[in-house]
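Printed here is target33.txt (compact mmCIF, C-alpha atoms):
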# COMPACT_ATOMS: atom_id res chain seq x y z
CA MET D 1 54.31 84.29 94.07
CA ILE D 2 56.75 81.73 92.74
CA GLU D 3 59.96 81.27 94.71
CA PHE D 4 62.91 80.34 92.57
CA TYR D 5 65.80 78.14 93.64
CA LEU D 6 69.00 77.05 91.99
CA ASP D 7 70.28 73.49 91.84
CA THR D 8 73.98 73.92 91.22
CA ARG D 9 74.59 70.20 90.76
CA SER D 10 72.01 69.57 88.08
CA GLY D 11 74.25 70.61 85.20
CA VAL D 12 71.27 72.50 83.76
CA ALA D 13 72.04 76.11 82.83
CA PRO D 14 70.74 78.46 85.57
CA TYR D 15 68.48 80.43 83.22
CA LEU D 16 66.94 77.19 82.02
CA GLN D 17 66.29 76.11 85.60
CA LEU D 18 64.24 79.26 86.15
CA VAL D 19 62.35 78.69 82.89
CA GLN D 20 61.62 75.10 83.89
CA GLN D 21 60.44 76.15 87.34
CA VAL D 22 57.90 78.55 85.83
CA ARG D 23 56.72 75.96 83.30
CA ARG D 24 56.37 73.36 86.03
CA ALA D 25 54.47 75.74 88.32
CA GLN D 26 52.10 76.48 85.45
CA LYS D 27 51.58 72.82 84.71
CA LEU D 28 50.81 72.14 88.34
CA GLY D 29 48.42 75.09 88.45
CA LEU D 30 50.55 76.95 91.02
CA LEU D 31 50.92 79.87 88.62
CA ARG D 32 47.83 81.14 86.84
CA GLU D 33 47.05 83.81 84.34
CA GLY D 34 47.58 87.28 85.83
CA ASP D 35 50.03 86.15 88.52
CA GLN D 36 53.11 88.32 88.81
CA LEU D 37 56.65 86.96 88.67
CA PRO D 38 59.16 88.45 91.13
CA THR D 39 61.23 91.34 89.79
CA VAL D 40 64.79 90.71 88.64
CA LYS D 41 66.08 92.54 91.70
CA GLU D 42 63.95 90.40 94.02
CA VAL D 43 65.17 87.17 92.44
CA VAL D 44 68.87 88.06 92.52
CA GLY D 45 68.57 89.45 96.05
CA LYS D 46 67.15 86.13 97.17
CA ILE D 47 69.15 83.46 95.36
CA ALA D 48 72.28 85.50 94.54
CA ILE D 49 72.51 84.89 90.81
CA ASN D 50 73.48 87.11 87.90
CA PRO D 51 70.67 89.51 86.88
CA ASN D 52 71.33 88.73 83.20
CA THR D 53 70.40 85.11 83.96
CA VAL D 54 66.98 86.14 85.27
CA GLN D 55 66.44 88.53 82.36
CA LYS D 56 67.32 85.79 79.92
CA ALA D 57 64.88 83.37 81.58
CA TYR D 58 62.09 85.97 81.47
CA ARG D 59 62.83 86.75 77.81
CA GLU D 60 62.65 83.06 77.00
CA LEU D 61 59.31 82.69 78.80
CA GLU D 62 58.04 85.77 76.99
CA HIS D 63 59.18 84.30 73.70
CA GLU D 64 57.25 81.14 74.49
CA GLY D 65 54.20 83.27 75.17
CA LEU D 66 53.88 82.11 78.78
CA VAL D 67 54.49 85.52 80.35
CA GLY D 68 54.27 89.14 79.29
CA ALA D 69 56.23 92.15 80.51
CA ARG D 70 54.34 95.34 81.37
CA PRO D 71 56.97 98.06 81.35
CA GLY D 72 57.37 99.72 84.72
CA VAL D 73 54.97 97.27 86.37
CA GLY D 74 56.45 93.79 86.10
CA THR D 75 56.22 90.44 84.40
CA PHE D 76 52.93 88.56 84.47
CA VAL D 77 51.72 85.11 83.55
CA THR D 78 49.64 85.45 80.41
CA GLN D 79 48.58 81.91 79.86
CA THR D 80 47.14 79.05 81.75
CA ARG D 81 48.29 75.82 80.23
CA SER D 82 46.02 74.78 77.40
CA GLU D 83 43.41 72.11 78.02
CA ALA D 84 44.42 70.22 74.92
CA ALA D 85 47.96 69.60 76.16
CA LEU D 86 46.67 68.38 79.52
CA MET D 87 44.19 66.04 77.81
CA ALA D 88 46.94 64.64 75.62
CA GLN D 89 48.92 63.56 78.68
CA GLY D 90 46.68 60.58 79.42
CA PRO D 91 47.27 58.76 76.11
CA LEU D 92 50.93 59.80 76.08
CA ARG D 93 51.45 58.38 79.54
CA TYR D 94 49.76 55.14 78.44
CA ASP D 95 51.94 54.86 75.31
CA LEU D 96 55.08 55.42 77.34
CA GLN D 97 54.07 52.80 79.90
CA GLN D 98 53.44 50.33 77.08
CA TRP D 99 56.88 51.11 75.69
CA PHE D 100 58.56 50.51 79.06
CA LEU D 101 56.69 47.20 79.46
CA ALA D 102 57.79 46.15 75.97
CA ALA D 103 61.39 47.07 76.76
CA ARG D 104 61.33 44.99 79.94
CA SER D 105 59.76 41.98 78.28
CA ALA D 106 62.46 42.26 75.60
CA GLY D 107 64.92 41.59 78.43
CA LEU D 108 66.47 45.06 78.82
CA ASP D 109 67.68 45.95 82.31
CA ASP D 110 67.02 49.33 83.97
CA ASP D 111 70.31 50.85 82.85
CA SER D 112 69.78 49.87 79.24
CA ILE D 113 66.22 51.18 79.25
CA GLU D 114 67.37 54.47 80.74
CA ALA D 115 70.22 54.80 78.24
CA LEU D 116 67.90 54.06 75.31
CA PHE D 117 65.24 56.45 76.61
CA LYS D 118 67.73 59.26 77.14
CA GLU D 119 69.33 58.71 73.75
CA CYS D 120 65.97 58.93 71.98
CA PHE D 121 64.93 61.87 74.15
CA ARG D 122 68.08 63.75 73.19
CA SER D 123 67.89 62.92 69.50
CA THR D 124 64.33 64.22 69.26
CA SER D 125 64.63 67.22 71.56
CA THR D 126 66.03 69.34 68.72
CA VAL D 127 63.18 68.41 66.37
CA ASP D 128 60.70 71.27 66.14
CA VAL D 129 57.20 69.80 66.30
CA ALA D 130 55.36 73.11 66.26
CA MET W 1 79.83 100.02 73.72
CA THR W 2 82.98 100.87 75.69
CA ALA W 3 84.94 98.08 77.23
CA VAL W 4 85.07 98.26 81.02
CA LEU W 5 88.50 96.73 80.96
CA GLU W 6 90.88 96.72 78.04
CA ALA W 7 94.50 95.56 78.14
CA GLU W 8 97.06 95.34 75.37
CA GLY W 9 100.31 93.49 75.99
CA LEU W 10 99.95 94.37 79.66
CA SER W 11 102.87 93.11 81.76
CA LYS W 12 104.11 93.63 85.29
CA ARG W 13 107.46 92.53 86.66
CA TYR W 14 108.57 92.35 90.27
CA GLY W 15 112.36 92.11 90.28
CA ARG W 16 113.09 89.18 87.98
CA ARG W 17 109.66 87.62 88.24
CA TRP W 18 106.87 88.39 85.78
CA ALA W 19 103.60 88.62 87.74
CA LEU W 20 101.66 89.33 84.56
CA SER W 21 102.88 88.67 81.00
CA ASP W 22 101.54 90.00 77.75
CA CYS W 23 97.96 90.20 78.89
CA THR W 24 95.59 91.24 76.12
CA LEU W 25 91.87 91.31 76.74
CA SER W 26 88.75 93.34 76.23
CA VAL W 27 85.82 92.94 78.60
CA PRO W 28 82.56 94.53 77.44
CA SER W 29 80.47 96.45 79.98
CA GLY W 30 77.39 95.05 81.69
CA HIS W 31 78.97 91.84 82.86
CA VAL W 32 79.90 90.28 86.16
CA VAL W 33 83.33 88.92 85.40
CA GLY W 34 84.88 86.05 87.33
CA LEU W 35 88.68 86.08 87.48
CA VAL W 36 90.05 82.64 88.36
CA GLY W 37 93.45 81.03 88.55
CA PRO W 38 95.80 79.38 91.02
CA ASN W 39 97.50 81.34 93.79
CA GLY W 40 100.27 83.51 92.43
CA ALA W 41 98.83 83.49 88.89
CA GLY W 42 98.66 87.28 88.83
CA LYS W 43 95.00 87.91 89.69
CA SER W 44 95.65 90.57 92.32
CA THR W 45 98.31 92.15 90.10
CA LEU W 46 95.79 92.50 87.26
CA LEU W 47 93.17 93.99 89.59
CA ASN W 48 95.66 96.38 91.18
CA LEU W 49 96.72 97.52 87.71
CA ALA W 50 93.04 98.05 86.83
CA VAL W 51 92.46 100.40 89.76
CA GLY W 52 95.78 102.21 89.31
CA LEU W 53 97.44 101.06 92.53
CA LEU W 54 100.16 99.56 90.33
CA GLY W 55 101.60 100.83 87.07
CA PRO W 56 102.45 98.47 84.19
CA THR W 57 106.03 97.49 83.34
CA ALA W 58 104.98 97.20 79.71
CA GLY W 59 101.79 97.46 77.68
CA THR W 60 98.65 99.48 78.31
CA ILE W 61 95.47 99.17 80.31
CA SER W 62 92.33 101.26 80.20
CA VAL W 63 89.25 101.16 82.38
CA LEU W 64 85.93 102.58 81.12
CA GLY W 65 87.90 104.04 78.23
CA ALA W 66 90.49 105.94 80.28
CA PRO W 67 93.77 105.12 82.02
CA PRO W 68 93.23 103.92 85.61
CA ALA W 69 93.24 106.61 88.33
CA ILE W 70 94.17 109.34 85.82
CA ASP W 71 92.10 111.98 87.64
CA SER W 72 89.53 112.29 90.41
CA ALA W 73 86.62 111.79 88.00
CA GLN W 74 88.08 108.47 86.88
CA LEU W 75 88.71 107.46 90.50
CA GLY W 76 85.05 108.14 91.27
CA ARG W 77 83.87 105.83 88.50
CA VAL W 78 85.67 102.78 89.89
CA GLY W 79 85.01 101.09 93.23
CA PHE W 80 87.59 98.75 94.72
CA VAL W 81 87.55 96.31 97.61
CA ALA W 82 91.00 94.86 98.27
CA GLN W 83 91.70 91.40 99.64
CA ASP W 84 91.17 91.15 103.43
CA PRO W 85 88.39 93.76 103.59
CA PRO W 86 90.15 97.04 104.34
CA THR W 87 88.55 98.90 107.24
CA TYR W 88 89.97 101.10 110.01
CA SER W 89 89.60 99.11 113.21
CA GLY W 90 89.62 102.21 115.43
CA LEU W 91 86.86 103.97 113.48
CA SER W 92 83.16 103.30 113.93
CA VAL W 93 80.79 102.24 111.16
CA ALA W 94 79.39 105.81 111.09
CA ASP W 95 82.94 107.20 110.83
CA HIS W 96 83.54 105.03 107.79
CA LEU W 97 80.44 106.44 106.11
CA LYS W 98 81.51 110.00 106.99
CA LEU W 99 84.92 109.30 105.50
CA GLY W 100 83.27 107.93 102.36
CA ALA W 101 81.07 111.02 102.08
CA ARG W 102 84.01 113.42 102.47
CA THR W 103 86.27 111.67 99.96
CA ASN W 104 83.76 110.79 97.22
CA PRO W 105 82.00 113.53 95.23
CA THR W 106 79.33 111.09 94.00
CA TRP W 107 78.58 109.64 97.47
CA ASP W 108 75.03 108.38 97.98
CA ASN W 109 74.41 108.77 101.69
CA ASP W 110 70.86 107.36 101.62
CA LEU W 111 72.07 104.23 99.92
CA ALA W 112 74.88 103.77 102.46
CA ALA W 113 72.57 104.35 105.44
CA ARG W 114 69.92 101.98 104.07
CA ARG W 115 72.50 99.23 103.52
CA ILE W 116 73.94 99.59 107.02
CA GLU W 117 70.47 99.42 108.52
CA ARG W 118 69.55 96.38 106.47
CA LEU W 119 72.76 94.65 107.47
CA GLY W 120 71.82 95.29 111.09
CA LEU W 121 75.12 97.02 111.84
CA ASP W 122 75.30 99.39 114.80
CA PRO W 123 76.67 102.71 113.44
CA LYS W 124 78.50 103.29 116.75
CA GLN W 125 80.30 99.94 116.60
CA LYS W 126 84.07 100.10 115.98
CA ALA W 127 85.09 98.28 112.78
CA GLY W 128 87.66 96.32 114.77
CA LYS W 129 84.85 94.65 116.70
CA LEU W 130 82.94 93.54 113.60
CA SER W 131 83.00 89.96 112.31
CA GLY W 132 84.80 89.18 109.06
CA GLY W 133 81.49 89.03 107.22
CA GLN W 134 80.37 92.38 108.63
CA ARG W 135 83.68 94.01 107.70
CA ALA W 136 83.35 92.66 104.15
CA GLN W 137 79.82 94.04 103.99
CA LEU W 138 81.01 97.41 105.30
CA SER W 139 83.74 97.60 102.64
CA LEU W 140 81.27 96.63 99.94
CA THR W 141 78.83 99.28 101.23
CA LEU W 142 81.55 101.93 100.95
CA ALA W 143 82.45 100.80 97.44
CA ILE W 144 78.80 100.72 96.32
CA ALA W 145 77.76 104.01 97.93
CA LYS W 146 80.21 105.99 95.82
CA ARG W 147 78.01 104.84 92.93
CA PRO W 148 80.76 103.51 90.68
CA GLU W 149 80.24 102.30 87.12
CA PHE W 150 82.76 99.55 87.63
CA LEU W 151 83.36 97.54 90.79
CA VAL W 152 86.61 95.64 91.33
CA LEU W 153 86.62 93.02 94.10
CA ASP W 154 89.71 91.03 95.02
CA GLU W 155 88.65 87.72 96.61
CA PRO W 156 85.74 89.39 98.35
CA VAL W 157 84.28 86.25 99.90
CA ALA W 158 87.40 84.15 100.55
CA SER W 159 87.40 84.64 104.33
CA LEU W 160 83.64 84.47 104.84
CA ASP W 161 81.50 81.63 106.17
CA PRO W 162 78.89 80.24 103.73
CA LEU W 163 76.02 82.33 105.09
CA ALA W 164 77.99 85.59 105.06
CA ARG W 165 79.18 84.70 101.55
CA ARG W 166 75.65 84.21 100.30
CA GLU W 167 74.51 87.50 101.87
CA PHE W 168 77.46 89.32 100.33
CA LEU W 169 76.63 87.95 96.88
CA GLN W 170 72.92 88.74 97.28
CA ILE W 171 73.71 92.39 97.96
CA LEU W 172 76.24 92.49 95.15
CA MET W 173 73.74 91.05 92.66
CA GLU W 174 71.00 93.45 93.83
CA THR W 175 73.38 96.32 93.21
CA VAL W 176 74.17 95.04 89.73
CA ALA W 177 70.44 94.71 88.96
CA GLU W 178 69.60 98.14 90.36
CA HIS W 179 72.49 100.31 89.18
CA GLN W 180 73.76 98.44 86.09
CA VAL W 181 77.28 98.42 87.47
CA SER W 182 79.88 96.17 85.83
CA VAL W 183 81.87 93.96 88.18
CA VAL W 184 85.08 91.98 88.11
CA LEU W 185 85.75 89.70 91.05
CA SER W 186 88.48 87.19 91.69
CA SER W 187 87.68 83.97 93.53
CA HIS W 188 88.71 80.37 94.00
CA LEU W 189 85.12 79.34 94.54
CA VAL W 190 83.94 78.19 91.13
CA ALA W 191 80.47 77.45 92.53
CA ASP W 192 80.07 81.13 93.43
CA ILE W 193 81.41 82.20 90.04
CA GLU W 194 78.91 79.90 88.36
CA ARG W 195 76.07 81.60 90.24
CA VAL W 196 76.94 85.23 89.88
CA CYS W 197 79.27 85.63 86.90
CA ASP W 198 78.46 85.62 83.20
CA TYR W 199 81.98 86.25 81.94
CA LEU W 200 85.19 84.45 82.76
CA ILE W 201 88.91 85.19 82.72
CA VAL W 202 91.27 82.31 83.47
CA LEU W 203 94.72 83.49 84.46
CA ILE W 204 97.49 80.93 84.85
CA SER W 205 101.21 81.47 85.43
CA SER W 206 100.89 85.19 84.69
CA ARG W 207 99.12 84.58 81.37
CA VAL W 208 95.51 84.83 80.25
CA GLN W 209 94.52 81.32 79.13
CA LEU W 210 90.85 81.80 78.43
CA THR W 211 88.35 84.64 78.34
CA GLY W 212 84.77 84.95 77.19
CA GLU W 213 81.12 84.78 78.09
CA ILE W 214 80.59 81.72 80.27
CA GLU W 215 77.64 80.54 78.21
CA ASP W 216 79.73 80.60 75.02
CA LEU W 217 82.64 78.88 76.72
CA LEU W 218 80.42 76.06 77.98
CA ALA W 219 78.80 75.71 74.55
CA THR W 220 82.16 75.38 72.77
CA HIS W 221 83.86 72.95 75.17
CA HIS W 222 82.94 69.28 75.29
CA ARG W 223 84.09 66.06 76.84
CA LEU W 224 84.46 63.33 74.20
CA ILE W 225 84.55 59.70 75.21
CA GLY W 226 85.25 57.05 72.62
CA PRO W 227 87.59 54.35 71.32
CA ARG W 228 91.27 55.07 71.82
CA CYS W 229 92.54 57.57 69.30
CA ASP W 230 95.42 59.85 68.49
CA PRO W 231 94.29 63.41 69.36
CA SER W 232 96.26 64.78 66.41
CA SER W 233 93.79 63.00 64.11
CA LEU W 234 90.98 65.32 65.21
CA PRO W 235 89.64 67.95 62.78
CA GLU W 236 91.50 71.25 62.79
CA ASN W 237 88.76 73.19 64.55
CA GLN W 238 88.95 70.92 67.58
CA GLN W 239 91.58 71.91 70.08
CA VAL W 240 92.45 69.40 72.79
CA ILE W 241 92.67 70.97 76.24
CA GLU W 242 93.01 67.79 78.27
CA GLU W 243 93.39 64.14 77.30
CA SER W 244 93.58 60.81 79.04
CA HIS W 245 93.83 57.39 77.50
CA SER W 246 93.34 53.86 78.68
CA GLU W 247 94.08 50.78 76.62
CA ARG W 248 90.88 51.00 74.63
CA GLN W 249 89.34 54.33 75.47
CA SER W 250 90.21 57.98 75.05
CA THR W 251 88.67 60.82 77.02
CA LEU W 252 89.29 64.24 75.58
CA LEU W 253 88.28 67.70 76.61
CA VAL W 254 88.13 69.75 73.44
CA ARG W 255 87.32 73.26 72.39
CA SER W 256 85.38 73.23 69.16
CA ASP W 257 83.65 76.04 67.32
CA GLY W 258 81.52 73.75 65.18
CA PRO W 259 79.43 70.70 66.05
CA ILE W 260 81.23 67.40 66.58
CA MET W 261 80.19 65.09 63.79
CA ASP W 262 82.19 61.93 64.44
CA PRO W 263 79.61 59.38 65.67
CA ALA W 264 82.31 57.40 67.48
CA TRP W 265 82.29 59.96 70.29
CA THR W 266 79.92 60.14 73.19
CA ILE W 267 79.67 63.86 73.85
CA GLU W 268 79.14 65.23 77.33
CA ALA W 269 78.55 68.78 78.48
CA LEU W 270 81.00 70.29 80.95
CA SER W 271 80.44 72.07 84.19
CA LEU W 272 82.26 75.35 84.73
CA GLU W 273 84.41 73.61 87.31
CA ASP W 274 85.49 70.92 84.79
CA LEU W 275 86.39 73.67 82.36
CA VAL W 276 88.40 75.74 84.84
CA LEU W 277 90.22 72.68 86.19
CA ALA W 278 91.12 71.52 82.67
CA TYR W 279 92.75 74.87 81.90
CA MET W 280 94.48 74.89 85.26
CA GLY W 281 95.82 71.41 84.54
CA GLN W 282 97.05 72.64 81.20
CA GLY W 283 98.74 75.52 83.01
CA ARG W 284 100.57 73.09 85.23
CA ASN W 285 102.01 71.40 82.14
CA ILE W 286 103.17 74.79 80.89
CA ASP W 287 104.79 75.40 84.27
CA ALA W 288 106.49 72.02 84.16
CA SER W 289 107.84 72.55 80.65
CA LEU W 290 109.10 76.02 81.55
CA TRP W 291 110.76 74.54 84.60
CA SER W 292 112.44 71.74 82.68
CA SER W 293 113.61 74.01 79.85
CA SER W 294 115.10 76.50 82.30
CA ARG W 295 116.87 73.64 84.09
CA GLU W 296 118.29 72.36 80.83
CA SER W 297 119.69 75.78 80.01
CA GLU W 298 121.52 76.01 83.34
Show this structure as structure tokens.
Amino acid sequence: MIEFYLDTRSGVAPYLQLVQQVRRAQKLGLLREGDQLPTVKEVVGKIAINPNTVQKAYRELEHEGLVGARPGVGTFVTQTRSEAALMAQGPLRYDLQQWFLAARSAGLDDDSIEALFKECFRSTSTVDVA
Amino acid sequence: MTAVLEAEGLSKRYGRRWALSDCTLSVPSGHVVGLVGPNGAGKSTLLNLAVGLLGPTAGTISVLGAPPAIDSAQLGRVGFVAQDPPTYSGLSVADHLKLGARTNPTWDNDLAARRIERLGLDPKQKAGKLSGGQRAQLSLTLAIAKRPEFLVLDEPVASLDPLARREFLQILMETVAEHQVSVVLSSHLVADIERVCDYLIVLISSRVQLTGEIEDLLATHHRLIGPRCDPSSLPENQQVIEESHSERQSTLLVRSDGPIMDPAWTIEALSLEDLVLAYMGQGRNIDASLWSSSRESE
């Protein structure tokens, strides 16, 4: 079963941290279809956070279709990450590497590359691709 | 939905000093509310008014829709742990539970016994021999076992070491998850508030400066960094909480209901601590101006 933690210095909202931890565990194959997530009471009893935070994270994951709630039983992983998305990572990784190489050969230093990357990341993160 | 805590023009005066002035707020149920503010801001006064240990000088307060401590039923619905966990040093842990059972009609003895066992407390141990953390846990156990709808905690973790603090908050959050109890707790430890609270009240110099759901507060406050500017030139819906200027650059902390459109600004999100400190800083300016105006009038 997944064990949640909270990074209080990350600046990322606590509910989002839980969501990200589940997504990451799924991507890494640590959580598979049918696996149960800990109950709200178990999570808050372990990492001492507000129960509404956990509920919000679970609702968000449900909304994304990654988990499903069975009333009275618990919350379960309903999806193993799709093959297509995993396959797409290879070319994406290659494209990104090419971009970083191009940025370096254009004479940008690490800070500038990071700033540019983050800026573009932010400006596209609100664009709905689906 | 009934508000757990509702105050209208609530004020409390000690002699010539106002401990709480014109406090108006409405806290919906189902939240864990963090009450923050500097020492002497009126946090304990507000909490003592909420549980009926104090009466208001002016204004009204209601808890779960009724005046505080109006009758025994109302007393049973509210649990309170005062600052410096109140226990009887000469009584044993078991005596405390017996006392709780005798004085609370809604007492849940199983719950109390389970908690004590889980905490690893010896029922025969005198409360005076317990550590600070254990005493805090005992007080919380008593407050929880009466099965209140609303739990009021005045600096519950201030005197505890980090481990005892974490354990205290774990049990508190479990209780909230299990029994849907609403909580208000005062604390100086913003990191703890950030973990366990979803609603905030900032009290400064006897006045409520800010209240709301933490998520909304963080979404509507931003740090703007950009070329030096006059804050009064900002759009009307942007309220400046804190400002600092260098020769070429201005850094502003603003509250804004809408998005910030001006591309000249670099916009940064705030942590809860940034937010609380900004309001506390603003409070200090209020204090200073009160101080100078009262001096001028002398």
TODO: Work out how far CA of Gly34 (chain D) is from CA of Ile47 (chain D), in Å to one decimal.
DONE: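 These two atoms are separated by 23.9 Å.
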Open item on the list: Just want the 10 Å neighbourhood of Thr45 (chain W), counted on all atoms listed in the file, with same-chain residues fewer than 4 positions away dropped. Output as an MDAnalysis selection string.
Closed with: chainID W and resid 11:13 19:20 40:41 49:50 53:56 154 206
Task: Residue contacts of Cys197 (chain W) (12 Å, only C-alpha atoms) excluding same-chain residues fewer than 4 positions away, as JSON, numbers by chain - done: {"D": [14, 48, 49, 50, 51, 52, 53], "W": [30, 31, 32, 33, 34, 35, 36, 169, 172, 173, 176, 182, 183, 184, 185, 186, 187, 189, 190, 191, 192, 193, 201, 212, 213, 214, 215, 272]}
TODO: Identify all chain D residues at most 12 Å from chain W by counting only C-alpha atoms; ligands do not count. Present them as a ChimeraX atom specification.
DONE: /D:5-16,39-56,119,122
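Relative to CA of Gly90 (chain W), CA of Arg77 (chain W) is found at 27.8 Å.
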Task: For CA of Gln97 (chain D) and CA of Thr124 (chain D), the interatomic separation in Å (one decimal) - done: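 For CA of Gln97 (chain D) relative to CA of Thr124 (chain D), the distance reads 18.7 Å.
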Open item on the list: Could you check the closest approach to Ser72 (chain W) for each of W:Pro235, W:Gly52, W:Val276, W:Met261 and tell me which residue wins, using all atoms listed in the file?
Closed with: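 Closest to Ser72 (chain W), using all atoms listed in the file: W:Gly52.
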Task: Shell of 10 Å around Thr24 (chain W), all atoms listed in the file, local chain residues under 5 positions omitted, as JSON, numbers by chain - done: {"W": [6, 7, 8, 9, 10, 11, 59, 60, 61, 207, 208]}
Open item on the list: For a quick check of understanding, using all atoms listed in the file, which of W:Thr87, W:Asn109, W:Gln249, W:Gln238 has the smallest distance to Gln137 (chain W)?
Closed with: W:Thr87
Open item on the list: Need to verify the contact set: region 116-126 of chain W, 9 Å, all atoms listed in the file, exclusion of same-chain residues closer than 5 positions in sequence. Can you return it as a VMD selection string?
Closed with: chain W and resid 88 to 95 111 134 137 to 138 141
Open item on the list: Residues near Gln26 (chain D), anyone? I mean within 9 Å using only C-alpha atoms, not counting same-chain ones fewer than 4 positions away, as a ChimeraX atom specification.
Closed with: /D:21-22,30-33,66,77,79-81
Report as AutoDock Vina command-line options the centre and the edge lengths, in Å to one decimal, of the axis-aligned box holding every listed atom of region 16-32 of chain D, padded by 4 Å on each side.
--center_x 57.4 --center_y 76.6 --center_z 86.5 --size_x 27.1 --size_y 17.0 --size_z 17.0
Task: Nearest-residue call for Gln36 (chain D), choices D:Cys120, D:Ala69, D:Ala115, D:Leu108, using only C-alpha atoms - done: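 Going through D:Cys120, D:Ala69, D:Ala115, D:Leu108 one by one, the smallest distance to Gln36 (chain D) is for D:Ala69.
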Open item on the list: Just checking: using all atoms listed in the file, which residue out of W:Thr57, W:Gln74, W:Thr266, W:Ser250 ends up closest to Arg17 (chain W)?
Closed with: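 Checking each of W:Thr57, W:Gln74, W:Thr266, W:Ser250 against Arg17 (chain W), counting all atoms listed in the file, the winner is W:Thr57.
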